[in-house]
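Engineer: So that you have it, the file is work04.pdb, and it contains PDB, C-alpha atoms:
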```pdb
ATOM      1  CA  MET E   1     -32.978 117.899 -88.775
ATOM      2  CA  THR E   2     -31.567 118.025 -85.268
ATOM      3  CA  PRO E   3     -27.785 117.605 -85.254
ATOM      4  CA  ARG E   4     -26.703 114.683 -83.128
ATOM      5  CA  SER E   5     -23.205 113.799 -82.124
ATOM      6  CA  LEU E   6     -22.555 110.293 -80.863
ATOM      7  CA  LEU E   7     -20.404 110.387 -77.744
ATOM      8  CA  LEU E   8     -20.473 106.813 -76.526
ATOM      9  CA  ARG E   9     -22.133 103.510 -77.361
ATOM     10  CA  MET E  10     -22.230 100.723 -74.803
ATOM     11  CA  GLU E  11     -23.308  97.131 -75.322
ATOM     12  CA  LEU E  12     -23.725  95.131 -72.172
ATOM     13  CA  ARG E  13     -25.507  92.177 -70.646
ATOM     14  CA  SER E  14     -28.239  92.412 -68.046
ATOM     15  CA  ASN E  15     -25.870  91.404 -65.263
ATOM     16  CA  PRO E  16     -26.164  93.601 -62.141
ATOM     17  CA  GLU E  17     -22.395  93.345 -61.705
ATOM     18  CA  THR E  18     -21.906  95.557 -64.773
ATOM     19  CA  LEU E  19     -23.736  98.467 -63.122
ATOM     20  CA  CYS E  20     -20.603  99.654 -61.344
ATOM     21  CA  ALA E  21     -18.642  99.889 -64.607
ATOM     22  CA  VAL E  22     -21.455 101.802 -66.322
ATOM     23  CA  ARG E  23     -21.644 104.263 -63.423
ATOM     24  CA  GLY E  24     -17.909 104.892 -63.723
ATOM     25  CA  ALA E  25     -18.133 105.548 -67.454
ATOM     26  CA  VAL E  26     -21.193 107.807 -67.153
ATOM     27  CA  GLY E  27     -19.557 109.741 -64.326
ATOM     28  CA  GLN E  28     -16.476 110.447 -66.437
ATOM     29  CA  LEU E  29     -18.477 111.294 -69.553
ATOM     30  CA  THR E  30     -20.732 113.779 -67.773
ATOM     31  CA  GLU E  31     -17.741 115.367 -66.046
ATOM     32  CA  ARG E  32     -16.008 115.864 -69.410
ATOM     33  CA  LEU E  33     -19.165 117.398 -70.849
ATOM     34  CA  GLY E  34     -19.075 120.098 -68.191
ATOM     35  CA  PHE E  35     -21.949 119.100 -65.953
ATOM     36  CA  THR E  36     -21.678 120.222 -62.341
ATOM     37  CA  GLU E  37     -20.807 117.596 -59.721
ATOM     38  CA  ALA E  38     -24.447 117.406 -58.594
ATOM     39  CA  GLU E  39     -25.629 117.035 -62.200
ATOM     40  CA  CYS E  40     -23.059 114.285 -62.811
ATOM     41  CA  ARG E  41     -24.351 112.406 -59.760
ATOM     42  CA  ALA E  42     -27.924 112.867 -60.993
ATOM     43  CA  VAL E  43     -27.207 111.487 -64.476
ATOM     44  CA  VAL E  44     -25.283 108.546 -63.013
ATOM     45  CA  LEU E  45     -28.237 107.773 -60.738
ATOM     46  CA  GLY E  46     -30.751 108.111 -63.579
ATOM     47  CA  VAL E  47     -28.859 105.725 -65.873
ATOM     48  CA  ASP E  48     -28.199 103.275 -63.036
ATOM     49  CA  GLU E  49     -31.883 103.191 -62.085
ATOM     50  CA  ALA E  50     -32.957 102.805 -65.714
ATOM     51  CA  LEU E  51     -30.626  99.822 -66.084
ATOM     52  CA  THR E  52     -31.836  98.373 -62.799
ATOM     53  CA  ASN E  53     -35.435  98.592 -64.070
ATOM     54  CA  ILE E  54     -34.501  96.844 -67.324
ATOM     55  CA  ILE E  55     -32.700  94.048 -65.464
ATOM     56  CA  ARG E  56     -35.464  93.555 -62.898
ATOM     57  CA  HIS E  57     -38.607  94.134 -64.943
ATOM     58  CA  ALA E  58     -37.929  93.790 -68.688
ATOM     59  CA  TYR E  59     -35.599  90.802 -68.225
ATOM     60  CA  ALA E  60     -36.971  89.480 -64.897
ATOM     61  CA  GLY E  61     -33.466  89.163 -63.459
ATOM     62  CA  HIS E  62     -31.921  87.097 -66.282
ATOM     63  CA  PRO E  63     -28.270  88.195 -66.348
ATOM     64  CA  ASP E  64     -27.344  87.464 -69.970
ATOM     65  CA  LYS E  65     -29.754  89.563 -72.024
ATOM     66  CA  PRO E  66     -28.606  92.411 -74.299
ATOM     67  CA  ILE E  67     -28.814  96.089 -73.424
ATOM     68  CA  GLU E  68     -27.547  98.935 -75.578
ATOM     69  CA  ILE E  69     -26.954 102.478 -74.385
ATOM     70  CA  LEU E  70     -26.289 105.402 -76.711
ATOM     71  CA  PHE E  71     -25.040 108.744 -75.472
ATOM     72  CA  ARG E  72     -25.368 111.691 -77.840
ATOM     73  CA  ARG E  73     -24.861 115.424 -77.613
ATOM     74  CA  ILE E  74     -27.944 117.014 -79.152
ATOM     75  CA  GLN E  75     -29.845 120.248 -79.550
ATOM     76  CA  ALA E  76     -32.913 119.553 -77.455
ATOM     77  CA  SER E  77     -36.249 121.281 -77.153
ATOM     78  CA  LEU E  78     -38.317 120.347 -74.130
ATOM     79  CA  CYS E  79     -41.203 122.190 -72.472
ATOM     80  CA  GLY E  80     -40.226 125.502 -74.060
ATOM     81  CA  LYS E  81     -36.574 125.126 -73.124
ATOM     82  CA  LYS E  82     -34.002 124.802 -75.888
ATOM     83  CA  GLY E  83     -30.335 124.100 -75.739
ATOM     84  CA  GLU E  84     -27.501 121.649 -75.860
ATOM     85  CA  ALA E  85     -28.201 118.472 -74.006
ATOM     86  CA  LEU E  86     -27.024 114.970 -73.326
ATOM     87  CA  GLU E  87     -29.382 112.382 -74.773
ATOM     88  CA  ILE E  88     -29.205 108.846 -73.410
ATOM     89  CA  VAL E  89     -31.160 106.063 -75.094
ATOM     90  CA  LEU E  90     -31.360 102.668 -73.373
ATOM     91  CA  GLU E  91     -32.689  99.823 -75.474
ATOM     92  CA  ASP E  92     -33.592  96.286 -74.458
ATOM     93  CA  SER E  93     -35.362  93.318 -76.027
ATOM     94  CA  GLY E  94     -37.305  92.396 -72.910
ATOM     95  CA  LYS E  95     -41.001  92.138 -72.374
ATOM     96  CA  ASN E  96     -43.248  95.085 -73.073
ATOM     97  CA  VAL E  97     -43.312  97.376 -70.064
ATOM     98  CA  ASP E  98     -46.734  98.068 -68.592
ATOM     99  CA  ARG E  99     -47.085 101.830 -69.028
ATOM    100  CA  ALA E 100     -49.368 102.055 -66.013
ATOM    101  CA  LYS E 101     -46.440 100.901 -63.886
ATOM    102  CA  LEU E 102     -44.349 103.777 -65.222
ATOM    103  CA  CYS E 103     -46.292 106.142 -62.988
ATOM    104  CA  GLY E 104     -44.298 105.082 -59.925
ATOM    105  CA  ARG E 105     -45.898 105.288 -56.501
ATOM    106  CA  ALA E 106     -46.794 107.818 -53.847
ATOM    107  CA  LEU E 107     -43.679 108.659 -51.843
ATOM    108  CA  GLU E 108     -45.760 109.076 -48.708
ATOM    109  CA  ASP E 109     -45.953 105.273 -48.539
ATOM    110  CA  VAL E 110     -43.044 104.108 -46.418
ATOM    111  CA  LYS E 111     -42.231 100.833 -48.098
ATOM    112  CA  PRO E 112     -39.309  99.286 -49.901
ATOM    113  CA  GLY E 113     -39.330  99.342 -53.697
ATOM    114  CA  GLY E 114     -40.928 101.496 -56.362
ATOM    115  CA  LEU E 115     -38.453 104.346 -56.049
ATOM    116  CA  GLY E 116     -36.467 103.726 -59.220
ATOM    117  CA  LEU E 117     -38.740 105.540 -61.652
ATOM    118  CA  HIS E 118     -39.061 108.478 -59.275
ATOM    119  CA  PHE E 119     -35.255 108.705 -59.115
ATOM    120  CA  ILE E 120     -35.000 108.636 -62.927
ATOM    121  CA  ARG E 121     -37.611 111.397 -63.306
ATOM    122  CA  GLU E 122     -35.880 113.585 -60.734
ATOM    123  CA  SER E 123     -32.461 113.041 -62.301
ATOM    124  CA  VAL E 124     -33.131 114.244 -65.850
ATOM    125  CA  ASP E 125     -35.018 117.000 -67.684
ATOM    126  CA  GLY E 126     -36.887 114.720 -70.061
ATOM    127  CA  LEU E 127     -37.982 111.102 -70.114
ATOM    128  CA  GLU E 128     -39.722 109.253 -72.902
ATOM    129  CA  PHE E 129     -40.591 105.589 -73.279
ATOM    130  CA  ARG E 130     -41.525 103.817 -76.470
ATOM    131  CA  ARG E 131     -41.836 100.317 -77.867
ATOM    132  CA  ARG E 132     -40.345  99.908 -81.340
ATOM    133  CA  ASN E 133     -39.668  96.765 -83.383
ATOM    134  CA  GLY E 134     -40.121  94.522 -80.365
ATOM    135  CA  LYS E 135     -37.728  96.559 -78.261
ATOM    136  CA  ASN E 136     -38.158  98.920 -75.326
ATOM    137  CA  GLN E 137     -36.501 102.307 -75.691
ATOM    138  CA  LEU E 138     -36.081 104.704 -72.813
ATOM    139  CA  ARG E 139     -34.829 108.156 -73.798
ATOM    140  CA  LEU E 140     -33.419 110.458 -71.146
ATOM    141  CA  VAL E 141     -32.455 114.073 -71.789
ATOM    142  CA  LYS E 142     -30.368 116.309 -69.539
ATOM    143  CA  PHE E 143     -29.631 119.900 -70.520
ATOM    144  CA  LEU E 144     -26.048 121.046 -70.420
ATOM    145  CA  HIS E 145     -25.735 124.221 -68.407
ATOM    146  CA  LEU E 146     -22.929 125.806 -70.348
ATOM    147  CA  PRO E 147     -21.793 129.366 -69.606
ATOM    148  CA  GLU E 148     -23.801 132.006 -71.463
ATOM    149  CA  PRO E 149     -21.885 133.431 -74.450
ATOM    150  CA  ARG E 150     -20.394 136.852 -73.715
ATOM    151  CA  THR E 151     -22.111 139.798 -75.329
ATOM    152  CA  GLY E 152     -20.895 143.313 -76.071
ATOM    153  CA  SER E 153     -17.295 144.421 -76.620
TER     154      SER E 153
ATOM    155  CA  MET B   1     -19.786  96.416 -51.217
ATOM    156  CA  GLN B   2     -18.270  95.088 -48.003
ATOM    157  CA  ILE B   3     -19.940  94.784 -44.635
ATOM    158  CA  SER B   4     -18.578  93.815 -41.232
ATOM    159  CA  ALA B   5     -20.069  93.895 -37.745
ATOM    160  CA  ARG B   6     -18.814  95.157 -34.394
ATOM    161  CA  HIS B   7     -20.583  94.452 -31.133
ATOM    162  CA  LEU B   8     -20.707  96.924 -28.290
ATOM    163  CA  ASP B   9     -22.780  95.850 -25.320
ATOM    164  CA  LYS B  10     -26.328  95.671 -26.728
ATOM    165  CA  ILE B  11     -25.461  97.535 -29.880
ATOM    166  CA  THR B  12     -24.335  96.125 -33.221
ATOM    167  CA  ILE B  13     -22.496  98.449 -35.580
ATOM    168  CA  PHE B  14     -22.280  97.503 -39.242
ATOM    169  CA  ASP B  15     -19.355  99.099 -41.080
ATOM    170  CA  ILE B  16     -20.318  99.266 -44.733
ATOM    171  CA  SER B  17     -18.121 100.302 -47.630
ATOM    172  CA  GLY B  18     -18.363 100.555 -51.410
ATOM    173  CA  ASP B  19     -21.469 100.788 -53.582
ATOM    174  CA  ILE B  20     -24.936  99.597 -52.538
ATOM    175  CA  ASP B  21     -26.824  98.751 -55.703
ATOM    176  CA  LEU B  22     -28.928  96.004 -57.283
ATOM    177  CA  SER B  23     -25.934  93.700 -57.249
ATOM    178  CA  SER B  24     -24.912  94.197 -53.635
ATOM    179  CA  SER B  25     -28.051  95.204 -51.721
ATOM    180  CA  PRO B  26     -28.942  91.565 -50.818
ATOM    181  CA  GLU B  27     -25.582  91.394 -48.995
ATOM    182  CA  LEU B  28     -26.722  94.325 -46.877
ATOM    183  CA  ARG B  29     -30.301  93.171 -46.400
ATOM    184  CA  LYS B  30     -29.544  89.672 -45.100
ATOM    185  CA  PRO B  31     -27.296  90.502 -42.119
ATOM    186  CA  LEU B  32     -29.446  93.507 -41.191
ATOM    187  CA  LEU B  33     -32.656  91.503 -41.039
ATOM    188  CA  ARG B  34     -30.933  88.624 -39.247
ATOM    189  CA  GLU B  35     -29.560  90.983 -36.591
ATOM    190  CA  LEU B  36     -32.962  92.517 -36.007
ATOM    191  CA  ARG B  37     -35.333  89.563 -36.398
ATOM    192  CA  GLU B  38     -33.266  86.636 -35.119
ATOM    193  CA  VAL B  39     -30.593  88.051 -32.829
ATOM    194  CA  ARG B  40     -33.023  90.751 -31.615
ATOM    195  CA  THR B  41     -30.288  93.288 -31.009
ATOM    196  CA  PRO B  42     -32.005  96.319 -29.466
ATOM    197  CA  ARG B  43     -29.923  98.878 -31.391
ATOM    198  CA  VAL B  44     -28.489  98.449 -34.868
ATOM    199  CA  VAL B  45     -26.187 101.172 -36.172
ATOM    200  CA  LEU B  46     -25.014 101.567 -39.759
ATOM    201  CA  ASN B  47     -21.679 103.277 -40.386
ATOM    202  CA  LEU B  48     -22.036 104.626 -43.940
ATOM    203  CA  LYS B  49     -18.837 106.728 -43.974
ATOM    204  CA  ALA B  50     -17.226 104.563 -46.650
ATOM    205  CA  VAL B  51     -20.324 104.108 -48.821
ATOM    206  CA  ARG B  52     -19.665 105.798 -52.168
ATOM    207  CA  TYR B  53     -23.025 105.196 -53.809
ATOM    208  CA  ILE B  54     -26.514 103.971 -53.056
ATOM    209  CA  ASP B  55     -29.435 103.395 -55.430
ATOM    210  CA  SER B  56     -33.123 102.572 -54.978
ATOM    211  CA  SER B  57     -32.297  98.909 -54.244
ATOM    212  CA  GLY B  58     -30.075 100.037 -51.390
ATOM    213  CA  VAL B  59     -32.695 102.465 -50.080
ATOM    214  CA  ALA B  60     -35.239  99.625 -50.213
ATOM    215  CA  SER B  61     -32.924  97.490 -48.041
ATOM    216  CA  LEU B  62     -32.619 100.341 -45.531
ATOM    217  CA  VAL B  63     -36.415 100.713 -45.435
ATOM    218  CA  GLU B  64     -36.750  96.971 -44.844
ATOM    219  CA  GLY B  65     -34.257  97.246 -42.001
ATOM    220  CA  LEU B  66     -36.182 100.140 -40.500
ATOM    221  CA  LYS B  67     -39.463  98.267 -40.720
ATOM    222  CA  ALA B  68     -37.928  95.162 -39.118
ATOM    223  CA  ALA B  69     -36.560  97.357 -36.327
ATOM    224  CA  ARG B  70     -39.978  98.904 -35.728
ATOM    225  CA  ASP B  71     -41.562  95.425 -35.645
ATOM    226  CA  VAL B  72     -39.274  94.275 -32.821
ATOM    227  CA  GLY B  73     -39.025  97.621 -31.024
ATOM    228  CA  ALA B  74     -35.360  98.140 -31.861
ATOM    229  CA  ARG B  75     -33.556 101.349 -32.838
ATOM    230  CA  PHE B  76     -32.112 101.613 -36.341
ATOM    231  CA  ILE B  77     -29.565 104.404 -36.663
ATOM    232  CA  MET B  78     -27.306 105.584 -39.474
ATOM    233  CA  PHE B  79     -24.300 107.905 -39.429
ATOM    234  CA  GLY B  80     -21.537 109.072 -41.772
ATOM    235  CA  LEU B  81     -23.713 109.848 -44.803
ATOM    236  CA  ASN B  82     -21.749 111.515 -47.590
ATOM    237  CA  THR B  83     -23.294 113.945 -50.096
ATOM    238  CA  THR B  84     -24.221 111.213 -52.589
ATOM    239  CA  VAL B  85     -26.005 109.039 -50.031
ATOM    240  CA  ARG B  86     -27.734 112.001 -48.404
ATOM    241  CA  GLU B  87     -28.936 113.307 -51.793
ATOM    242  CA  VAL B  88     -30.452 109.943 -52.716
ATOM    243  CA  LEU B  89     -32.234 109.643 -49.367
ATOM    244  CA  GLN B  90     -33.541 113.200 -49.749
ATOM    245  CA  LEU B  91     -34.707 112.420 -53.268
ATOM    246  CA  SER B  92     -36.639 109.436 -51.915
ATOM    247  CA  LYS B  93     -38.351 111.767 -49.395
ATOM    248  CA  LEU B  94     -37.558 109.083 -46.824
ATOM    249  CA  VAL B  95     -34.741 110.916 -45.099
ATOM    250  CA  ARG B  96     -37.158 112.130 -42.405
ATOM    251  CA  ILE B  97     -38.169 108.602 -41.353
ATOM    252  CA  PHE B  98     -34.639 107.476 -40.547
ATOM    253  CA  GLU B  99     -32.731 108.229 -37.359
ATOM    254  CA  ILE B 100     -29.542 109.836 -38.647
ATOM    255  CA  CYS B 101     -26.639 110.908 -36.438
ATOM    256  CA  ASP B 102     -23.548 112.975 -37.187
ATOM    257  CA  SER B 103     -21.092 110.605 -35.542
ATOM    258  CA  GLU B 104     -20.635 107.130 -34.082
ATOM    259  CA  GLU B 105     -20.431 108.638 -30.594
ATOM    260  CA  GLN B 106     -23.932 110.077 -31.032
ATOM    261  CA  ALA B 107     -25.270 106.868 -32.530
ATOM    262  CA  VAL B 108     -24.135 104.699 -29.611
ATOM    263  CA  ALA B 109     -24.803 107.261 -26.861
ATOM    264  CA  PRO B 110     -27.131 106.032 -24.068
TER     265      PRO B 110
END
```
Just dump the structure as structure tokens.
Structural biologist:
Amino acid sequence: MTPRSLLLRMELRSNPETLCAVRGAVGQLTERLGFTEAECRAVVLGVDEALTNIIRHAYAGHPDKPIEILFRRIQASLCGKKGEALEIVLEDSGKNVDRAKLCGRALEDVKPGGLGLHFIRESVDGLEFRRRNGKNQLRLVKFLHLPEPRTGS
Amino acid sequence: MQISARHLDKITIFDISGDIDLSSSPELRKPLLRELREVRTPRVVLNLKAVRYIDSSGVASLVEGLKAARDVGARFIMFGLNTTVREVLQLSKLVRIFEICDSEEQAVAP
């Protein structure tokens, strides 16, 4: 069994005005975990965009629907890479997300909108969506780049 | 997010501060589109020096502004991008389509 350590659990409503507070908390958490400044910015962006997608698409802009976010430190294994990572699971009770829309769009098209999923993908090392018990779960994984342990005498 | 406008001959400069996200991007979009589509200002400049954060909603508002500017033949210029804003624009692969200057002097130069 993979050891998981819960770092933070957030319960919030689908109000866009809460995004700023979540960004602040995620920024501080990632900084404390030892991510570089660029990695901290990336995780903040990924979580912010995931929440934005939930508010806009799963809840169609309704500001009072529940969202839960769990942050755990885990041992992850993704695409042949293993190591300590931050796992972020966002859960909502909104409508089932059309998986075809999770593909995003071609960035060559100069038009507003459709960038959120691209930003999430670029911000983390792993992304997984699933529908379970009437809820949407988005799991994001970002490897921690901790210093290599010293070897030798 | 806060936004205020300065007028300099035929140029309007919007000084923007704070975070541009899902919550605040409509407050950016409305005055930008009004300035371009209704007032028909030939050059609109965005001072982003005090913008701490921008997300895809904010980038979408900038793209809408750019498109409105192209429609009316106006120039749409940004300056003062910090690392966070620049990274997000680069991530969107849209950084090349915007006219970005290093300073206000460059942005308002004839």
Engineer: Near range 32-49 of chain B, within 7 Å and counting all atoms listed in the file, which residues show up once chain neighbours fewer than 4 positions away are dropped, as a PDB file with C-alpha atoms, keeping the file's coordinate frame?
Structural biologist:
```
ATOM      1  CA  LYS B  10     -26.328  95.671 -26.728  1.00  0.00           C
ATOM      2  CA  ILE B  11     -25.461  97.535 -29.880  1.00  0.00           C
ATOM      3  CA  THR B  12     -24.335  96.125 -33.221  1.00  0.00           C
ATOM      4  CA  ILE B  13     -22.496  98.449 -35.580  1.00  0.00           C
ATOM      5  CA  PHE B  14     -22.280  97.503 -39.242  1.00  0.00           C
ATOM      6  CA  ASP B  15     -19.355  99.099 -41.080  1.00  0.00           C
ATOM      7  CA  ILE B  16     -20.318  99.266 -44.733  1.00  0.00           C
ATOM      8  CA  SER B  17     -18.121 100.302 -47.630  1.00  0.00           C
ATOM      9  CA  LEU B  28     -26.722  94.325 -46.877  1.00  0.00           C
ATOM     10  CA  GLY B  65     -34.257  97.246 -42.001  1.00  0.00           C
ATOM     11  CA  ALA B  68     -37.928  95.162 -39.118  1.00  0.00           C
ATOM     12  CA  ALA B  69     -36.560  97.357 -36.327  1.00  0.00           C
ATOM     13  CA  ALA B  74     -35.360  98.140 -31.861  1.00  0.00           C
ATOM     14  CA  ARG B  75     -33.556 101.349 -32.838  1.00  0.00           C
ATOM     15  CA  PHE B  76     -32.112 101.613 -36.341  1.00  0.00           C
ATOM     16  CA  ILE B  77     -29.565 104.404 -36.663  1.00  0.00           C
ATOM     17  CA  MET B  78     -27.306 105.584 -39.474  1.00  0.00           C
ATOM     18  CA  PHE B  79     -24.300 107.905 -39.429  1.00  0.00           C
ATOM     19  CA  GLY B  80     -21.537 109.072 -41.772  1.00  0.00           C
ATOM     20  CA  LEU B  81     -23.713 109.848 -44.803  1.00  0.00           C
ATOM     21  CA  ASN B  82     -21.749 111.515 -47.590  1.00  0.00           C
ATOM     22  CA  ALA B 107     -25.270 106.868 -32.530  1.00  0.00           C
TER      23      ALA B 107
END
```
Engineer: From the options E:Gly126, E:Gly61, E:Gly116, E:Gly80, which residue's atoms come nearest to Gly94 in chain E, counting all atoms listed in the file?
Structural biologist: E:Gly61
Engineer: Interatomic distance between CA of Arg13 in chain E and CA of Leu127 in chain E?
Structural biologist: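 It comes out at 22.7 Å.
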Engineer: Once the PyMOL selection byres ((chain E) within 12 of (chain B)) has been applied to the shown file, what residues remain in the selection, as a VMD selection string?
Structural biologist: chain E and resid 14 to 21 23 to 24 27 37 to 42 44 to 56 61 63 104 to 123
Engineer: Give me the residues within 6 Å of Gly18 in chain B as a ChimeraX atom specification, counting all atoms listed in the file and dropping any in the same chain fewer than 4 places off.
Structural biologist: /B:1,51-52
Engineer: What gap, in Å, lies between CA of Asp71 in chain B and CA of Arg86 in chain B?
Structural biologist: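 Between these atoms lies a distance of 25.1 Å.
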Engineer: So how far away is CA of Ser93 in chain E from CA of Asn136 in chain E, in Å?
Structural biologist: 6.3 Å
Engineer: To test the calculation: enclose all listed atoms of range 16-21 of chain B in a box whose edges run along x, y and z, add 3 Å on each side, then state centre and edge lengths in Å to one decimal, as AutoDock Vina command-line options.
Structural biologist:
```
--center_x -22.5 --center_y 99.8 --center_z -50.2 --size_x 14.7 --size_y 8.0 --size_z 17.0
```
